[in-house]
Amino acid sequence: MTTLGDVPADTFNWMASRYLTQTQRVTWNGYSRWINQTARLIADWHPDSVVDLGCGPGYLLSRLQSMLPDARLLGVDYASEMLAQVPPSVTAKLATIADWSTSGHERFDVGVLTFSLRDQGDVAATLTRLYDRLRPGGHLVLLETHTPADWRKWGFEAYVHHALPWWAERVGTRDWAGQPDESPYRWLSRSHRLWDQFLPTFPRLLYRIGYRDLTVHTQASDVVLLWSATVVDLPH
Ligand SMILES: C[S@@+](CC[C@H](N)C(=O)[O-])C[C@H]1O[C@@H](n2cnc3c(N)ncnc32)[C@H](O)[C@@H]1O
């Protein structure tokens, strides 16, 4: 299965002004730690260029800017309110990931998606289009939610599928005016379930597209996964 769920841009527009503080809060400060780990992974390759797809408020790009002051950094996001939070020194483009991927020829050394791949309607198409915008020898980097493989699985599932939506309805997103079922943390719960079902097929999908050297940078017991893969010059 390569079809997950598309989230409307307006959900992210609505979340934008509270996104960073709330994400940091609901992840018990894990968010900044995971983004910093991702930034260090990327910076260690000393890339000349990085594109961040679904960059949100640009937290990763700001970290990269201080680590790679000479690199070309580009953020892409379809939620204008998210981009309004991006620091002015960071270049960001208002576009869907699909439109950006198919509307230019410049190739990047690194393509990164943090907590945004899970919400793409067609993951295979997203990663295939990105492959064509990465240089041979370049890197794909993914940071996503992950159900821990050990006993932590029970606590994680209770939190993501029950406690978090319950708290959000009463506190975090209680001013949400849309359909209750479409509220941000209901989406998170749903898209994580789909992502979980999809994950076992994911390494094969990456290989089929042409990515190689899949490397896992997190533990099976972690609540996120950080993966990277290398682009080789193969037609797909
Ligand atoms: C959960 S947020 C993650 C933001 C950021 N990457 C981070 O780690 O904090 C998902 C982001 O991806 C963006 N996004 C989701 N689907 C998109 C698409 N098809 N095209 C462009 N942006 C998209 C949303 O607007 C949102 O800002």
# chains A, B, ... in the order shown; residues from 1 in each chain; ligands from 1
>>> select_by_dssp(residues="range 58-155 of chain A", states="helix (DSSP H, G or I)", output="count of residues only")
35
>>> residues_around(residues="range 110-115 of chain A", least_positions_apart="4", cutoff="9 Å", atoms="only C-alpha atoms", output="MDAnalysis selection string")
chainID A and resid 35 38 42 47:55 60 119 130:131 133:135 138:145 226 228
>>> write_last_selection(atoms="C-alpha atoms", output="PDB file, in the first residue's frame")
ATOM      1  CA  ILE A  35      15.095  17.824  14.917  1.00  0.00           C
ATOM      2  CA  THR A  38      18.279  15.222  12.095  1.00  0.00           C
ATOM      3  CA  ILE A  42      22.591  16.242   7.550  1.00  0.00           C
ATOM      4  CA  PRO A  47      25.978  19.295   1.703  1.00  0.00           C
ATOM      5  CA  ASP A  48      25.914  22.329  -0.585  1.00  0.00           C
ATOM      6  CA  SER A  49      22.123  22.261  -0.803  1.00  0.00           C
ATOM      7  CA  VAL A  50      19.171  20.940   1.209  1.00  0.00           C
ATOM      8  CA  VAL A  51      15.454  20.989   0.436  1.00  0.00           C
ATOM      9  CA  ASP A  52      13.011  20.489   3.319  1.00  0.00           C
ATOM     10  CA  LEU A  53       9.615  19.305   2.039  1.00  0.00           C
ATOM     11  CA  GLY A  54       6.719  20.208   4.318  1.00  0.00           C
ATOM     12  CA  CYS A  55       9.082  22.479   6.258  1.00  0.00           C
ATOM     13  CA  LEU A  60      14.979  22.347  11.065  1.00  0.00           C
ATOM     14  CA  ASP A 119       0.446  12.795   5.360  1.00  0.00           C
ATOM     15  CA  LEU A 130      11.932  13.717  -5.049  1.00  0.00           C
ATOM     16  CA  TYR A 131      14.453  11.155  -6.331  1.00  0.00           C
ATOM     17  CA  ARG A 133      15.367  16.304  -7.767  1.00  0.00           C
ATOM     18  CA  LEU A 134      18.319  14.809  -5.843  1.00  0.00           C
ATOM     19  CA  ARG A 135      21.872  14.497  -7.104  1.00  0.00           C
ATOM     20  CA  GLY A 138      22.771  12.678  -2.513  1.00  0.00           C
ATOM     21  CA  HIS A 139      20.632  11.699   0.459  1.00  0.00           C
ATOM     22  CA  LEU A 140      17.013  11.245   1.392  1.00  0.00           C
ATOM     23  CA  VAL A 141      16.302  11.836   5.107  1.00  0.00           C
ATOM     24  CA  LEU A 142      13.045  10.903   6.844  1.00  0.00           C
ATOM     25  CA  LEU A 143      11.930  11.620  10.375  1.00  0.00           C
ATOM     26  CA  GLU A 144       8.552  10.143  11.277  1.00  0.00           C
ATOM     27  CA  THR A 145       6.475   8.858  14.153  1.00  0.00           C
ATOM     28  CA  LEU A 226      15.112   8.621  11.562  1.00  0.00           C
ATOM     29  CA  SER A 228      18.406   7.969   5.469  1.00  0.00           C
TER      30      SER A 228
END
>>> closest_residue(among="A:Gly58, A:Pro200, A:Pro148, A:Pro136", to="Val232 in chain A", atoms="only C-alpha atoms")
A:Pro136
>>> residues_around(residues="Gly178 in chain A", least_positions_apart="4", cutoff="12 Å", atoms="only C-alpha atoms", output="tab-separated table (two decimals) with C-alpha atoms, in the first residue's frame")
chain	number	residue	atom	x	y	z
A	8	PRO	CA	-6.00	19.76	4.00
A	10	ASP	CA	-6.08	24.63	6.17
A	11	THR	CA	-5.59	22.26	9.08
A	14	TRP	CA	-5.01	26.72	11.63
A	169	GLU	CA	-10.44	18.28	22.45
A	173	THR	CA	-7.30	22.44	20.15
A	174	ARG	CA	-10.60	23.07	21.93
A	182	GLU	CA	-10.82	16.20	11.23
A	183	SER	CA	-9.20	17.97	14.19
A	184	PRO	CA	-5.38	17.92	14.15
A	186	ARG	CA	-7.51	12.97	15.29
>>> closest_residue(among="A:Leu74, A:Ala124, A:Ala98, A:Ala92", to="ligand 1", atoms="only C-alpha atoms and all ligand atoms")
A:Ala98
>>> residues_near_ligand(ligand="ligand 1", cutoff="6 Å", atoms="only C-alpha atoms and all ligand atoms", output="list in words")
Ala9, Phe12, Gly54, Cys55, Gly56, Asp77, Tyr78, Ala79, Met82, Ala95, Thr96, Ile97, Thr114, Phe115, Ser116, Asp119 and Gln120 of chain A
>>> write_last_selection(atoms="C-alpha atoms", output="PDB file, in the first residue's frame")
ATOM      1  CA  ALA A   9      -3.568  22.718   4.058  1.00  0.00           C
ATOM      2  CA  PHE A  12      -1.924  23.312   9.131  1.00  0.00           C
ATOM      3  CA  GLY A  54       6.719  20.208   4.318  1.00  0.00           C
ATOM      4  CA  CYS A  55       9.082  22.479   6.258  1.00  0.00           C
ATOM      5  CA  GLY A  56       6.344  23.927   8.499  1.00  0.00           C
ATOM      6  CA  ASP A  77       5.168  24.028   2.279  1.00  0.00           C
ATOM      7  CA  TYR A  78       1.574  24.504   1.125  1.00  0.00           C
ATOM      8  CA  ALA A  79       0.401  26.219   4.320  1.00  0.00           C
ATOM      9  CA  MET A  82       3.242  27.936   8.499  1.00  0.00           C
ATOM     10  CA  ALA A  95       3.837  25.125  -3.038  1.00  0.00           C
ATOM     11  CA  THR A  96       2.637  21.578  -2.731  1.00  0.00           C
ATOM     12  CA  ILE A  97       5.410  19.016  -2.574  1.00  0.00           C
ATOM     13  CA  THR A 114      10.202  15.563   8.946  1.00  0.00           C
ATOM     14  CA  PHE A 115       6.703  14.515  10.035  1.00  0.00           C
ATOM     15  CA  SER A 116       5.327  15.286   6.576  1.00  0.00           C
ATOM     16  CA  ASP A 119       0.446  12.795   5.360  1.00  0.00           C
ATOM     17  CA  GLN A 120       1.097  12.386   1.643  1.00  0.00           C
TER      18      GLN A 120
END
>>> atom_distance(atom1="CA of Thr91 in chain A", atom2="CA of His105 in chain A")
17.6 Å
>>> closest_residue(among="A:Gln22, A:Ser101, A:Thr230, A:Asn13", to="Val171 in chain A", atoms="only C-alpha atoms")
A:Gln22
>>> select_by_dssp(residues="range 45-148 of chain A", states="strand (DSSP E)", output="PyMOL selection string")
chain A and resi 49-53+72-77+91-94+108-114+134-145
>>> write_last_selection(atoms="C-alpha atoms", output="PDB file, in the first residue's frame")
ATOM      1  CA  SER A  49      22.123  22.261  -0.803  1.00  0.00           C
ATOM      2  CA  VAL A  50      19.171  20.940   1.209  1.00  0.00           C
ATOM      3  CA  VAL A  51      15.454  20.989   0.436  1.00  0.00           C
ATOM      4  CA  ASP A  52      13.011  20.489   3.319  1.00  0.00           C
ATOM      5  CA  LEU A  53       9.615  19.305   2.039  1.00  0.00           C
ATOM      6  CA  ARG A  72      21.604  26.655  -0.172  1.00  0.00           C
ATOM      7  CA  LEU A  73      18.609  25.826   2.015  1.00  0.00           C
ATOM      8  CA  LEU A  74      15.064  25.736   0.721  1.00  0.00           C
ATOM      9  CA  GLY A  75      11.810  25.012   2.485  1.00  0.00           C
ATOM     10  CA  VAL A  76       8.607  24.013   0.679  1.00  0.00           C
ATOM     11  CA  ASP A  77       5.168  24.028   2.279  1.00  0.00           C
ATOM     12  CA  THR A  91      14.164  30.816   1.907  1.00  0.00           C
ATOM     13  CA  ALA A  92      10.805  29.118   1.698  1.00  0.00           C
ATOM     14  CA  LYS A  93       8.391  28.542  -1.143  1.00  0.00           C
ATOM     15  CA  LEU A  94       4.619  28.236  -0.974  1.00  0.00           C
ATOM     16  CA  PHE A 108      19.758  19.082  -4.285  1.00  0.00           C
ATOM     17  CA  ASP A 109      22.300  17.181  -2.190  1.00  0.00           C
ATOM     18  CA  VAL A 110      19.758  16.368   0.511  1.00  0.00           C
ATOM     19  CA  GLY A 111      15.965  16.064   0.505  1.00  0.00           C
ATOM     20  CA  VAL A 112      14.416  15.854   3.952  1.00  0.00           C
ATOM     21  CA  LEU A 113      10.870  15.284   5.217  1.00  0.00           C
ATOM     22  CA  THR A 114      10.202  15.563   8.946  1.00  0.00           C
ATOM     23  CA  LEU A 134      18.319  14.809  -5.843  1.00  0.00           C
ATOM     24  CA  ARG A 135      21.872  14.497  -7.104  1.00  0.00           C
ATOM     25  CA  PRO A 136      23.384  11.047  -7.592  1.00  0.00           C
ATOM     26  CA  GLY A 137      25.222  10.415  -4.333  1.00  0.00           C
ATOM     27  CA  GLY A 138      22.771  12.678  -2.513  1.00  0.00           C
ATOM     28  CA  HIS A 139      20.632  11.699   0.459  1.00  0.00           C
ATOM     29  CA  LEU A 140      17.013  11.245   1.392  1.00  0.00           C
ATOM     30  CA  VAL A 141      16.302  11.836   5.107  1.00  0.00           C
ATOM     31  CA  LEU A 142      13.045  10.903   6.844  1.00  0.00           C
ATOM     32  CA  LEU A 143      11.930  11.620  10.375  1.00  0.00           C
ATOM     33  CA  GLU A 144       8.552  10.143  11.277  1.00  0.00           C
ATOM     34  CA  THR A 145       6.475   8.858  14.153  1.00  0.00           C
TER      35      THR A 145
END
>>> atom_distance(atom1="CA of His146 in chain A", atom2="CA of Val224 in chain A")
4.5 Å
>>> residues_around(residues="Ala39 in chain A", least_positions_apart="5", cutoff="10 Å", atoms="only C-alpha atoms", output="ChimeraX atom specification")
/A:33-34,44,59-65,67-68,112
>>> write_last_selection(atoms="C-alpha atoms", output="JSON list (two decimals), in the first residue's frame")
[["chain", "number", "residue", "atom", "x", "y", "z"],
["A", 33, "ARG", "CA", 15.89, 16.75, 20.28],
["A", 34, "TRP", "CA", 14.75, 14.82, 17.19],
["A", 44, "ASP", "CA", 27.86, 15.82, 8.88],
["A", 59, "TYR", "CA", 12.70, 24.87, 12.79],
["A", 60, "LEU", "CA", 14.98, 22.35, 11.06],
["A", 61, "LEU", "CA", 16.04, 24.91, 8.46],
["A", 62, "SER", "CA", 16.99, 27.42, 11.16],
["A", 63, "ARG", "CA", 19.13, 24.78, 12.87],
["A", 64, "LEU", "CA", 20.75, 23.91, 9.54],
["A", 65, "GLN", "CA", 21.39, 27.54, 8.77],
["A", 67, "MET", "CA", 25.42, 24.62, 11.06],
["A", 68, "LEU", "CA", 25.79, 25.14, 7.29],
["A", 112, "VAL", "CA", 14.42, 15.85, 3.95]]
>>> closest_residue(among="A:Leu199, A:Val7, A:Val216, A:Leu206", to="Leu41 in chain A", atoms="only C-alpha atoms")
A:Val216
>>> atom_distance(atom1="CA of Thr21 in chain A", atom2="CA of Gln85 in chain A")
12.2 Å
>>> decode(residues="range 73-110 of chain A", atoms="N, CA and C atoms", output="PDB file, in the first residue's frame")
ATOM      1  N   LEU A  73      19.675  26.508   1.274  1.00  0.00           N
ATOM      2  CA  LEU A  73      18.609  25.826   2.015  1.00  0.00           C
ATOM      3  C   LEU A  73      17.271  26.312   1.493  1.00  0.00           C
ATOM      4  N   LEU A  74      16.380  25.367   1.239  1.00  0.00           N
ATOM      5  CA  LEU A  74      15.064  25.736   0.721  1.00  0.00           C
ATOM      6  C   LEU A  74      13.985  24.959   1.458  1.00  0.00           C
ATOM      7  N   GLY A  75      12.969  25.661   1.891  1.00  0.00           N
ATOM      8  CA  GLY A  75      11.810  25.012   2.485  1.00  0.00           C
ATOM      9  C   GLY A  75      10.636  25.084   1.524  1.00  0.00           C
ATOM     10  N   VAL A  76       9.816  24.043   1.527  1.00  0.00           N
ATOM     11  CA  VAL A  76       8.607  24.013   0.679  1.00  0.00           C
ATOM     12  C   VAL A  76       7.433  23.627   1.574  1.00  0.00           C
ATOM     13  N   ASP A  77       6.353  24.375   1.481  1.00  0.00           N
ATOM     14  CA  ASP A  77       5.168  24.028   2.279  1.00  0.00           C
ATOM     15  C   ASP A  77       3.942  24.644   1.611  1.00  0.00           C
ATOM     16  N   TYR A  78       2.796  23.971   1.747  1.00  0.00           N
ATOM     17  CA  TYR A  78       1.574  24.504   1.125  1.00  0.00           C
ATOM     18  C   TYR A  78       0.721  25.301   2.100  1.00  0.00           C
ATOM     19  N   ALA A  79       1.182  25.463   3.332  1.00  0.00           N
ATOM     20  CA  ALA A  79       0.401  26.219   4.320  1.00  0.00           C
ATOM     21  C   ALA A  79       1.049  27.588   4.532  1.00  0.00           C
ATOM     22  N   SER A  80       0.394  28.635   4.018  1.00  0.00           N
ATOM     23  CA  SER A  80       1.002  29.971   4.074  1.00  0.00           C
ATOM     24  C   SER A  80       1.224  30.438   5.512  1.00  0.00           C
ATOM     25  N   GLU A  81       0.327  30.032   6.419  1.00  0.00           N
ATOM     26  CA  GLU A  81       0.495  30.465   7.818  1.00  0.00           C
ATOM     27  C   GLU A  81       1.702  29.793   8.461  1.00  0.00           C
ATOM     28  N   MET A  82       2.013  28.592   8.015  1.00  0.00           N
ATOM     29  CA  MET A  82       3.242  27.936   8.499  1.00  0.00           C
ATOM     30  C   MET A  82       4.445  28.733   7.998  1.00  0.00           C
ATOM     31  N   LEU A  83       4.420  29.086   6.720  1.00  0.00           N
ATOM     32  CA  LEU A  83       5.575  29.809   6.158  1.00  0.00           C
ATOM     33  C   LEU A  83       5.733  31.181   6.803  1.00  0.00           C
ATOM     34  N   ALA A  84       4.627  31.744   7.281  1.00  0.00           N
ATOM     35  CA  ALA A  84       4.717  33.053   7.950  1.00  0.00           C
ATOM     36  C   ALA A  84       5.538  32.966   9.240  1.00  0.00           C
ATOM     37  N   GLN A  85       5.703  31.750   9.761  1.00  0.00           N
ATOM     38  CA  GLN A  85       6.492  31.560  10.996  1.00  0.00           C
ATOM     39  C   GLN A  85       7.974  31.318  10.692  1.00  0.00           C
ATOM     40  N   VAL A  86       8.307  31.079   9.430  1.00  0.00           N
ATOM     41  CA  VAL A  86       9.695  30.755   9.068  1.00  0.00           C
ATOM     42  C   VAL A  86      10.553  32.015   9.235  1.00  0.00           C
ATOM     43  N   PRO A  87      11.721  31.907   9.894  1.00  0.00           N
ATOM     44  CA  PRO A  87      12.580  33.099  10.050  1.00  0.00           C
ATOM     45  C   PRO A  87      12.885  33.723   8.688  1.00  0.00           C
ATOM     46  N   PRO A  88      12.919  35.067   8.599  1.00  0.00           N
ATOM     47  CA  PRO A  88      13.087  35.733   7.301  1.00  0.00           C
ATOM     48  C   PRO A  88      14.391  35.363   6.593  1.00  0.00           C
ATOM     49  N   SER A  89      15.397  34.939   7.350  1.00  0.00           N
ATOM     50  CA  SER A  89      16.675  34.605   6.714  1.00  0.00           C
ATOM     51  C   SER A  89      16.608  33.272   5.960  1.00  0.00           C
ATOM     52  N   VAL A  90      15.522  32.516   6.141  1.00  0.00           N
ATOM     53  CA  VAL A  90      15.409  31.205   5.483  1.00  0.00           C
ATOM     54  C   VAL A  90      14.523  31.336   4.246  1.00  0.00           C
ATOM     55  N   THR A  91      14.958  30.747   3.138  1.00  0.00           N
ATOM     56  CA  THR A  91      14.164  30.816   1.907  1.00  0.00           C
ATOM     57  C   THR A  91      13.115  29.709   1.911  1.00  0.00           C
ATOM     58  N   ALA A  92      11.876  30.115   1.712  1.00  0.00           N
ATOM     59  CA  ALA A  92      10.805  29.118   1.698  1.00  0.00           C
ATOM     60  C   ALA A  92       9.830  29.441   0.585  1.00  0.00           C
ATOM     61  N   LYS A  93       9.267  28.386   0.017  1.00  0.00           N
ATOM     62  CA  LYS A  93       8.391  28.542  -1.143  1.00  0.00           C
ATOM     63  C   LYS A  93       7.016  27.962  -0.806  1.00  0.00           C
ATOM     64  N   LEU A  94       5.987  28.717  -1.173  1.00  0.00           N
ATOM     65  CA  LEU A  94       4.619  28.236  -0.974  1.00  0.00           C
ATOM     66  C   LEU A  94       4.242  27.352  -2.164  1.00  0.00           C
ATOM     67  N   ALA A  95       4.172  26.063  -1.949  1.00  0.00           N
ATOM     68  CA  ALA A  95       3.837  25.125  -3.038  1.00  0.00           C
ATOM     69  C   ALA A  95       3.509  23.778  -2.427  1.00  0.00           C
ATOM     70  N   THR A  96       2.785  22.966  -3.178  1.00  0.00           N
ATOM     71  CA  THR A  96       2.637  21.578  -2.731  1.00  0.00           C
ATOM     72  C   THR A  96       3.955  20.866  -3.056  1.00  0.00           C
ATOM     73  N   ILE A  97       4.185  19.790  -2.339  1.00  0.00           N
ATOM     74  CA  ILE A  97       5.410  19.016  -2.574  1.00  0.00           C
ATOM     75  C   ILE A  97       5.414  18.507  -4.018  1.00  0.00           C
ATOM     76  N   ALA A  98       4.255  18.081  -4.495  1.00  0.00           N
ATOM     77  CA  ALA A  98       4.176  17.552  -5.865  1.00  0.00           C
ATOM     78  C   ALA A  98       4.505  18.649  -6.876  1.00  0.00           C
ATOM     79  N   ASP A  99       3.937  19.852  -6.691  1.00  0.00           N
ATOM     80  CA  ASP A  99       4.199  20.929  -7.655  1.00  0.00           C
ATOM     81  C   ASP A  99       5.663  21.335  -7.640  1.00  0.00           C
ATOM     82  N   TRP A 100       6.233  21.460  -6.448  1.00  0.00           N
ATOM     83  CA  TRP A 100       7.644  21.842  -6.398  1.00  0.00           C
ATOM     84  C   TRP A 100       8.506  20.786  -7.099  1.00  0.00           C
ATOM     85  N   SER A 101       8.215  19.513  -6.830  1.00  0.00           N
ATOM     86  CA  SER A 101       9.072  18.439  -7.355  1.00  0.00           C
ATOM     87  C   SER A 101       9.040  18.363  -8.871  1.00  0.00           C
ATOM     88  N   THR A 102       7.932  18.773  -9.472  1.00  0.00           N
ATOM     89  CA  THR A 102       7.798  18.610 -10.919  1.00  0.00           C
ATOM     90  C   THR A 102       7.979  19.927 -11.673  1.00  0.00           C
ATOM     91  N   SER A 103       8.313  21.000 -10.953  1.00  0.00           N
ATOM     92  CA  SER A 103       8.343  22.290 -11.659  1.00  0.00           C
ATOM     93  C   SER A 103       9.739  22.889 -11.767  1.00  0.00           C
ATOM     94  N   GLY A 104      10.775  22.092 -11.574  1.00  0.00           N
ATOM     95  CA  GLY A 104      12.123  22.642 -11.714  1.00  0.00           C
ATOM     96  C   GLY A 104      13.110  21.546 -12.024  1.00  0.00           C
ATOM     97  N   HIS A 105      14.354  21.943 -12.258  1.00  0.00           N
ATOM     98  CA  HIS A 105      15.373  20.952 -12.607  1.00  0.00           C
ATOM     99  C   HIS A 105      16.568  20.971 -11.666  1.00  0.00           C
ATOM    100  N   GLU A 106      16.640  22.015 -10.824  1.00  0.00           N
ATOM    101  CA  GLU A 106      17.777  22.107  -9.900  1.00  0.00           C
ATOM    102  C   GLU A 106      17.788  20.869  -9.006  1.00  0.00           C
ATOM    103  N   ARG A 107      18.965  20.266  -8.862  1.00  0.00           N
ATOM    104  CA  ARG A 107      19.056  19.075  -8.014  1.00  0.00           C
ATOM    105  C   ARG A 107      19.734  19.415  -6.696  1.00  0.00           C
ATOM    106  N   PHE A 108      19.271  18.793  -5.632  1.00  0.00           N
ATOM    107  CA  PHE A 108      19.758  19.082  -4.285  1.00  0.00           C
ATOM    108  C   PHE A 108      20.593  17.920  -3.755  1.00  0.00           C
ATOM    109  N   ASP A 109      21.477  18.234  -2.809  1.00  0.00           N
ATOM    110  CA  ASP A 109      22.300  17.181  -2.190  1.00  0.00           C
ATOM    111  C   ASP A 109      21.506  16.376  -1.174  1.00  0.00           C
ATOM    112  N   VAL A 110      20.564  17.048  -0.512  1.00  0.00           N
ATOM    113  CA  VAL A 110      19.758  16.368   0.511  1.00  0.00           C
ATOM    114  C   VAL A 110      18.304  16.786   0.349  1.00  0.00           C
TER     115      VAL A 110
END
